[in-house]
>>> print(open('coords.csv').read())   # CSV, C-alpha atoms and all ligand atoms
chain,number,residue,atom,x,y,z
A,1,MET,CA,-4.8,-41.9,-9.6
A,2,VAL,CA,-7.1,-40.1,-7.2
A,3,ARG,CA,-7.6,-36.5,-8.0
A,4,LEU,CA,-8.8,-34.0,-5.3
A,5,SER,CA,-12.0,-32.2,-6.1
A,6,TRP,CA,-11.7,-28.6,-7.0
A,7,THR,CA,-13.0,-27.5,-3.6
A,8,ASN,CA,-10.4,-29.7,-1.8
A,9,GLN,CA,-7.6,-28.4,-4.0
A,10,ALA,CA,-8.7,-24.8,-3.2
A,11,LYS,CA,-8.8,-25.6,0.5
A,12,ASN,CA,-5.3,-27.1,0.4
A,13,LEU,CA,-4.0,-24.1,-1.5
A,14,ILE,CA,-5.5,-21.7,0.9
A,15,SER,CA,-4.2,-23.5,4.0
A,16,ASN,CA,-0.7,-23.7,2.4
A,17,ILE,CA,-0.8,-20.0,1.7
A,18,LEU,CA,-1.9,-19.1,5.3
A,19,ASN,CA,0.6,-21.5,6.9
A,20,ASN,CA,3.4,-20.0,4.9
A,21,MET,CA,2.7,-16.5,6.4
A,22,ASN,CA,2.5,-14.8,3.0
A,23,PHE,CA,0.7,-11.8,4.3
A,24,ARG,CA,2.4,-9.1,6.5
A,25,ILE,CA,1.2,-5.8,7.9
A,26,GLY,CA,3.0,-2.6,8.4
A,27,TYR,CA,2.3,0.7,10.1
A,28,GLY,CA,3.7,4.2,9.4
A,29,TYR,CA,3.4,7.5,11.1
A,30,ASP,CA,4.7,10.9,10.0
A,31,VAL,CA,4.3,14.6,11.0
A,32,HIS,CA,5.4,17.8,9.3
A,33,ARG,CA,5.2,21.3,10.6
A,34,LEU,CA,3.0,23.8,8.6
A,35,ALA,CA,4.3,27.2,7.6
A,36,GLU,CA,3.3,30.1,5.4
A,37,GLY,CA,5.1,30.3,2.0
A,38,GLU,CA,5.5,26.5,1.7
A,39,THR,CA,3.6,24.2,-0.7
A,40,LEU,CA,1.2,21.5,0.5
A,41,TRP,CA,1.6,18.2,-1.2
A,42,LEU,CA,-0.6,15.3,0.1
A,43,GLY,CA,-0.9,11.9,-1.5
A,44,GLY,CA,1.0,13.1,-4.5
A,45,VAL,CA,-1.5,16.0,-5.1
A,46,LEU,CA,-0.8,19.7,-4.8
A,47,ILE,CA,-3.4,21.2,-2.4
A,48,PRO,CA,-4.2,24.9,-2.6
A,49,HIS,CA,-3.7,26.3,0.9
A,50,SER,CA,-2.3,29.3,2.7
A,51,LYS,CA,0.3,27.1,4.5
A,52,GLY,CA,2.5,24.2,3.4
A,53,THR,CA,4.7,21.6,5.0
A,54,VAL,CA,8.3,22.3,6.1
A,55,ALA,CA,10.6,19.5,4.8
A,56,HIS,CA,13.9,18.6,3.1
A,57,SER,CA,11.8,16.8,0.4
A,58,ASP,CA,8.5,18.1,-1.0
A,59,GLY,CA,7.0,17.3,2.5
A,60,ASP,CA,4.3,14.9,1.3
A,61,VAL,CA,3.6,13.6,4.8
A,62,LEU,CA,1.0,11.2,3.5
A,63,LEU,CA,3.3,9.5,1.1
A,64,HIS,CA,6.1,9.4,3.8
A,65,ALA,CA,3.8,7.6,6.3
A,66,LEU,CA,2.8,5.2,3.5
A,67,CYS,CA,6.4,4.4,2.5
A,68,ASP,CA,7.2,3.8,6.2
A,69,ALA,CA,4.3,1.3,6.5
A,70,MET,CA,5.4,-0.5,3.4
A,71,LEU,CA,9.1,-0.7,4.6
A,72,GLY,CA,8.0,-1.8,8.0
A,73,ALA,CA,5.8,-4.6,6.7
A,74,ALA,CA,8.8,-5.9,4.7
A,75,LYS,CA,11.1,-5.4,7.7
A,76,MET,CA,13.3,-3.0,5.6
A,77,GLY,CA,13.7,-0.2,8.1
A,78,ASP,CA,12.3,3.3,7.4
A,79,ILE,CA,12.2,6.0,4.9
A,80,GLY,CA,15.1,7.9,6.6
A,81,ARG,CA,17.4,4.9,6.1
A,82,HIS,CA,16.8,4.6,2.4
A,83,PHE,CA,16.3,8.3,1.5
A,84,PRO,CA,18.3,10.3,4.1
A,85,ASP,CA,17.4,14.0,4.5
A,86,THR,CA,21.2,14.7,4.9
A,87,SER,CA,21.6,13.8,1.2
A,88,SER,CA,21.3,16.5,-1.5
A,89,ASP,CA,19.9,13.8,-3.8
A,90,TYR,CA,16.6,14.1,-1.9
A,91,LYS,CA,16.4,17.9,-1.6
A,92,ASN,CA,12.9,19.0,-2.6
A,93,ILE,CA,12.4,15.6,-4.2
A,94,ASP,CA,8.9,14.6,-5.4
A,95,SER,CA,7.7,12.0,-2.8
A,96,LYS,CA,6.0,10.1,-5.6
A,97,ILE,CA,9.5,9.1,-6.7
A,98,LEU,CA,10.2,7.9,-3.1
A,99,LEU,CA,6.9,5.9,-3.2
A,100,ALA,CA,7.9,4.3,-6.6
A,101,GLN,CA,11.3,3.4,-5.2
A,102,THR,CA,9.8,2.0,-2.0
A,103,ASN,CA,7.6,-0.2,-4.1
A,104,GLU,CA,10.8,-1.4,-5.9
A,105,LEU,CA,12.4,-2.1,-2.6
A,106,ILE,CA,9.6,-4.3,-1.3
A,107,ALA,CA,9.4,-6.0,-4.8
A,108,SER,CA,13.1,-6.9,-4.3
A,109,LYS,CA,11.9,-9.1,-1.4
A,110,ASN,CA,9.0,-10.4,-3.6
A,111,TYR,CA,6.3,-8.4,-1.9
A,112,ARG,CA,3.6,-6.2,-3.4
A,113,VAL,CA,1.0,-4.1,-1.7
A,114,GLY,CA,-2.3,-5.9,-1.1
A,115,ASN,CA,-4.2,-3.0,0.3
A,116,LEU,CA,-3.6,0.2,2.3
A,117,ASP,CA,-5.6,2.4,4.6
A,118,VAL,CA,-4.5,5.9,5.5
A,119,THR,CA,-5.8,8.6,7.9
A,120,VAL,CA,-4.8,12.2,7.6
A,121,ALA,CA,-5.2,14.5,10.7
A,122,ALA,CA,-5.5,18.1,9.6
A,123,GLN,CA,-7.7,20.9,10.9
A,124,GLN,CA,-7.4,22.8,7.6
A,125,PRO,CA,-7.8,22.6,4.6
A,126,LYS,CA,-10.7,20.3,3.9
A,127,LEU,CA,-9.3,17.4,1.9
A,128,LYS,CA,-12.5,15.5,0.9
A,129,LEU,CA,-12.5,16.8,-2.7
A,130,PHE,CA,-8.8,15.8,-3.3
A,131,ILE,CA,-9.1,12.3,-1.9
A,132,PRO,CA,-10.1,10.6,-5.2
A,133,GLU,CA,-7.1,12.1,-7.0
A,134,MET,CA,-4.8,11.0,-4.2
A,135,GLU,CA,-6.2,7.4,-4.3
A,136,GLU,CA,-5.8,7.3,-8.1
A,137,THR,CA,-2.2,8.6,-8.0
A,138,ILE,CA,-1.2,6.1,-5.3
A,139,ALA,CA,-2.9,3.1,-7.1
A,140,ARG,CA,-1.2,4.0,-10.3
A,141,ILE,CA,2.3,4.3,-8.8
A,142,LEU,CA,1.9,1.0,-6.9
A,143,GLY,CA,0.3,-0.7,-9.8
A,144,ILE,CA,-2.7,-1.9,-7.8
A,145,ASP,CA,-6.5,-1.6,-8.1
A,146,ILE,CA,-8.0,1.7,-6.7
A,147,ASP,CA,-10.3,-0.5,-4.6
A,148,ALA,CA,-7.2,-1.4,-2.6
A,149,VAL,CA,-6.4,2.2,-1.7
A,150,SER,CA,-8.3,4.0,1.0
A,151,ILE,CA,-7.6,7.5,2.3
A,152,LYS,CA,-9.5,9.2,5.0
A,153,ALA,CA,-9.2,12.7,6.5
A,154,THR,CA,-10.2,13.9,10.0
A,155,THR,CA,-9.8,17.1,12.0
A,156,THR,CA,-8.8,16.7,15.7
A,157,GLU,CA,-11.6,18.9,16.9
A,158,GLU,CA,-9.2,21.8,17.2
A,159,LEU,CA,-7.1,19.8,19.8
A,160,GLY,CA,-3.4,19.3,19.7
A,161,PHE,CA,-0.9,20.6,17.1
A,162,GLU,CA,-3.0,19.5,14.2
A,163,GLY,CA,-6.0,21.3,15.7
A,164,ARG,CA,-3.9,24.5,16.1
A,165,GLU,CA,-2.9,24.1,12.5
A,166,GLU,CA,0.8,23.9,13.5
A,167,GLY,CA,1.3,20.6,11.6
A,168,ILE,CA,-0.3,17.7,9.9
A,169,SER,CA,0.0,14.0,11.0
A,170,VAL,CA,-0.7,10.9,9.0
A,171,HIS,CA,-1.2,7.3,10.1
A,172,ALA,CA,-0.9,4.5,7.5
A,173,VAL,CA,-1.4,0.7,7.6
A,174,VAL,CA,-0.5,-1.6,4.7
A,175,LEU,CA,-0.9,-5.2,4.0
A,176,ILE,CA,1.8,-6.7,1.8
A,177,VAL,CA,1.5,-10.0,-0.1
A,178,TYR,CA,4.3,-12.4,-1.1
A,179,THR,CA,4.1,-12.3,-4.9
A,180,ASP,CA,4.7,-16.1,-5.0
A,181,ILE,CA,1.2,-16.4,-3.6
A,182,VAL,CA,-0.2,-15.1,-6.9
A,183,ASP,CA,1.7,-17.7,-8.9
A,184,LYS,CA,0.5,-20.4,-6.5
A,185,ILE,CA,-3.1,-19.3,-6.9
A,186,HIS,CA,-2.9,-19.3,-10.7
A,187,LYS,CA,-1.1,-22.7,-10.7
A,188,GLY,CA,-3.7,-24.1,-8.3
A,189,LEU,CA,-6.6,-22.8,-10.4
A,190,ASP,CA,-5.0,-24.1,-13.6
A,191,ASP,CA,-4.5,-27.5,-12.1
A,192,SER,CA,-8.1,-27.7,-11.0
A,193,GLU,CA,-9.2,-26.4,-14.4
A,194,GLU,CA,-7.5,-29.6,-15.8
A,195,GLY,CA,-9.1,-31.7,-13.2
A,196,ARG,CA,-12.6,-30.5,-14.0
A,197,ILE,CA,-15.0,-32.9,-15.5
A,198,ASN,CA,-17.1,-31.5,-18.4
A,199,THR,CA,-18.5,-34.4,-20.3
A,200,VAL,CA,-19.7,-38.0,-19.5
A,201,GLU,CA,-16.8,-39.3,-21.5
A,202,GLU,CA,-14.3,-37.4,-19.3
A,203,ALA,CA,-16.1,-38.7,-16.2
A,204,LYS,CA,-15.8,-42.3,-17.4
A,205,GLU,CA,-12.1,-41.8,-18.0
A,206,LYS,CA,-11.6,-40.3,-14.5
A,207,ILE,CA,-13.3,-43.3,-12.9
A,208,THR,CA,-11.2,-45.8,-14.7
A,209,THR,CA,-7.9,-44.1,-14.2
B,301,ZN,ZN,8.1,13.2,6.2
>>> encode(input="coords.csv", output="structure tokens")
Amino acid sequence: MVRLSWTNQAKNLISNILNNMNFRIGYGYDVHRLAEGETLWLGGVLIPHSKGTVAHSDGDVLLHALCDAMLGAAKMGDIGRHFPDTSSDYKNIDSKILLAQTNELIASKNYRVGNLDVTVAAQQPKLKLFIPEMEETIARILGIDIDAVSIKATTTEELGFEGREEGISVHAVVLIVYTDIVDKIHKGLDDSEEGRINTVEEAKEKITT
């Protein structure tokens, strides 16, 4: 029996994975109006500010854009389809719950988030100090490494509705990975582990079989 070298096994595994289209991307965009007397939740974190977002839910525009990107990647519609704002179930709901449920939805199609990248456009407040906590919160809910979660904030140079502080917009992109891929990698590595030659005796046995 001829065994492929570890390198060739790895190459075959990678080409199988790529040919099977196990990676998918998704994009999400959301906007909420800002008003005085409302709370400002962003990325699952309560931000102290004179204004907050106007919404049926807690108005976490960042988590909404992220949910839409995840659902889009899995071809599962959008957040409005799964969590309609006409339903009293979602009145003032904590959007972290929506994110956890969205993660369950994509898991039902055997996907998990590979990594995500989010940009928040807001003139005020400055978000830099809150970003690490947002990233930790999202990584924890999705059950992924914090290295896979990137959040950035920008102003719009006082241009547009964000610049006039009338609202906040968020763009999100997500890569989702078919979970079977993880099994394949482990299986592939285990197989190659078996095929590895550690001693001269093992080498002789390989040559003769
Ligand atoms: Zn929203």
>>> closest_residue(input="coords.csv", among="A:His64, A:Lys91, A:Arg24, A:Arg164", to="ligand ZN 301 (chain B)", atoms="all atoms listed in the file")
A:His64
>>> atom_distance(input="coords.csv", atom1="atom CA of A:Asn92", atom2="atom CA of A:Lys109")
28.1 Å
>>> closest_atom_pairs(input="coords.csv", of="chain A", to="ligand ZN 301 (chain B)", cutoff="8 Å", atoms="all atoms listed in the file", output="tab-separated table")
residue	atom	partner	partner_atom	distance
A:Asp30	CA	B:ZN301	ZN	5.6
A:Val31	CA	B:ZN301	ZN	6.3
A:His32	CA	B:ZN301	ZN	6.2
A:Ala55	CA	B:ZN301	ZN	6.9
A:Ser57	CA	B:ZN301	ZN	7.8
A:Gly59	CA	B:ZN301	ZN	5.6
A:Asp60	CA	B:ZN301	ZN	6.4
A:Val61	CA	B:ZN301	ZN	4.7
A:Leu62	CA	B:ZN301	ZN	7.9
A:Leu63	CA	B:ZN301	ZN	7.9
A:His64	CA	B:ZN301	ZN	4.9
A:Ala65	CA	B:ZN301	ZN	7.1
>>> closest_residue(input="coords.csv", among="A:Ala35, A:Met76, A:Cys67, A:Leu13", to="A:Glu165", atoms="only C-alpha atoms")
A:Ala35
>>> residues_around(input="coords.csv", residues="A:Val173", least_positions_apart="4", cutoff="6 Å", atoms="only C-alpha atoms", output="PyMOL selection string")
chain A and resi 26-27+69+116-117
>>> write_last_selection(input="coords.csv", atoms="C-alpha atoms", output="mmCIF file, in the coordinates of the input")
data_model
loop_
_atom_site.group_PDB
_atom_site.id
_atom_site.type_symbol
_atom_site.label_atom_id
_atom_site.label_comp_id
_atom_site.auth_asym_id
_atom_site.auth_seq_id
_atom_site.Cartn_x
_atom_site.Cartn_y
_atom_site.Cartn_z
ATOM 1 C CA GLY A 26 3.000 -2.600 8.400
ATOM 2 C CA TYR A 27 2.300 0.700 10.100
ATOM 3 C CA ALA A 69 4.300 1.300 6.500
ATOM 4 C CA LEU A 116 -3.600 0.200 2.300
ATOM 5 C CA ASP A 117 -5.600 2.400 4.600
#
>>> closest_residue(input="coords.csv", among="A:Ile97, A:Ile79, A:Leu66, A:Leu4", to="A:His171", atoms="all atoms listed in the file")
A:Leu66
>>> closest_residue(input="coords.csv", among="A:Ser15, A:Thr53, A:Ser150, A:Thr179", to="A:Ala107", atoms="only C-alpha atoms")
A:Thr179
>>> residues_around(input="coords.csv", residues="A:His56", least_positions_apart="4", cutoff="12 Å", atoms="only C-alpha atoms", output="list in words")
His32, Arg33, Glu38, Asp60, Val61, Gly80, Phe83, Pro84, Asp85, Thr86, Ser87, Ser88, Asp89, Tyr90, Lys91, Asn92, Ile93, Asp94 and Ser95 of chain A
>>> closest_residue(input="coords.csv", among="A:Val45, A:Leu142, A:Thr39, A:Val170", to="A:Gly114", atoms="all atoms listed in the file")
A:Leu142
>>> atom_distance(input="coords.csv", atom1="atom CA of A:Arg140", atom2="atom CA of A:Ala172")
17.8 Å
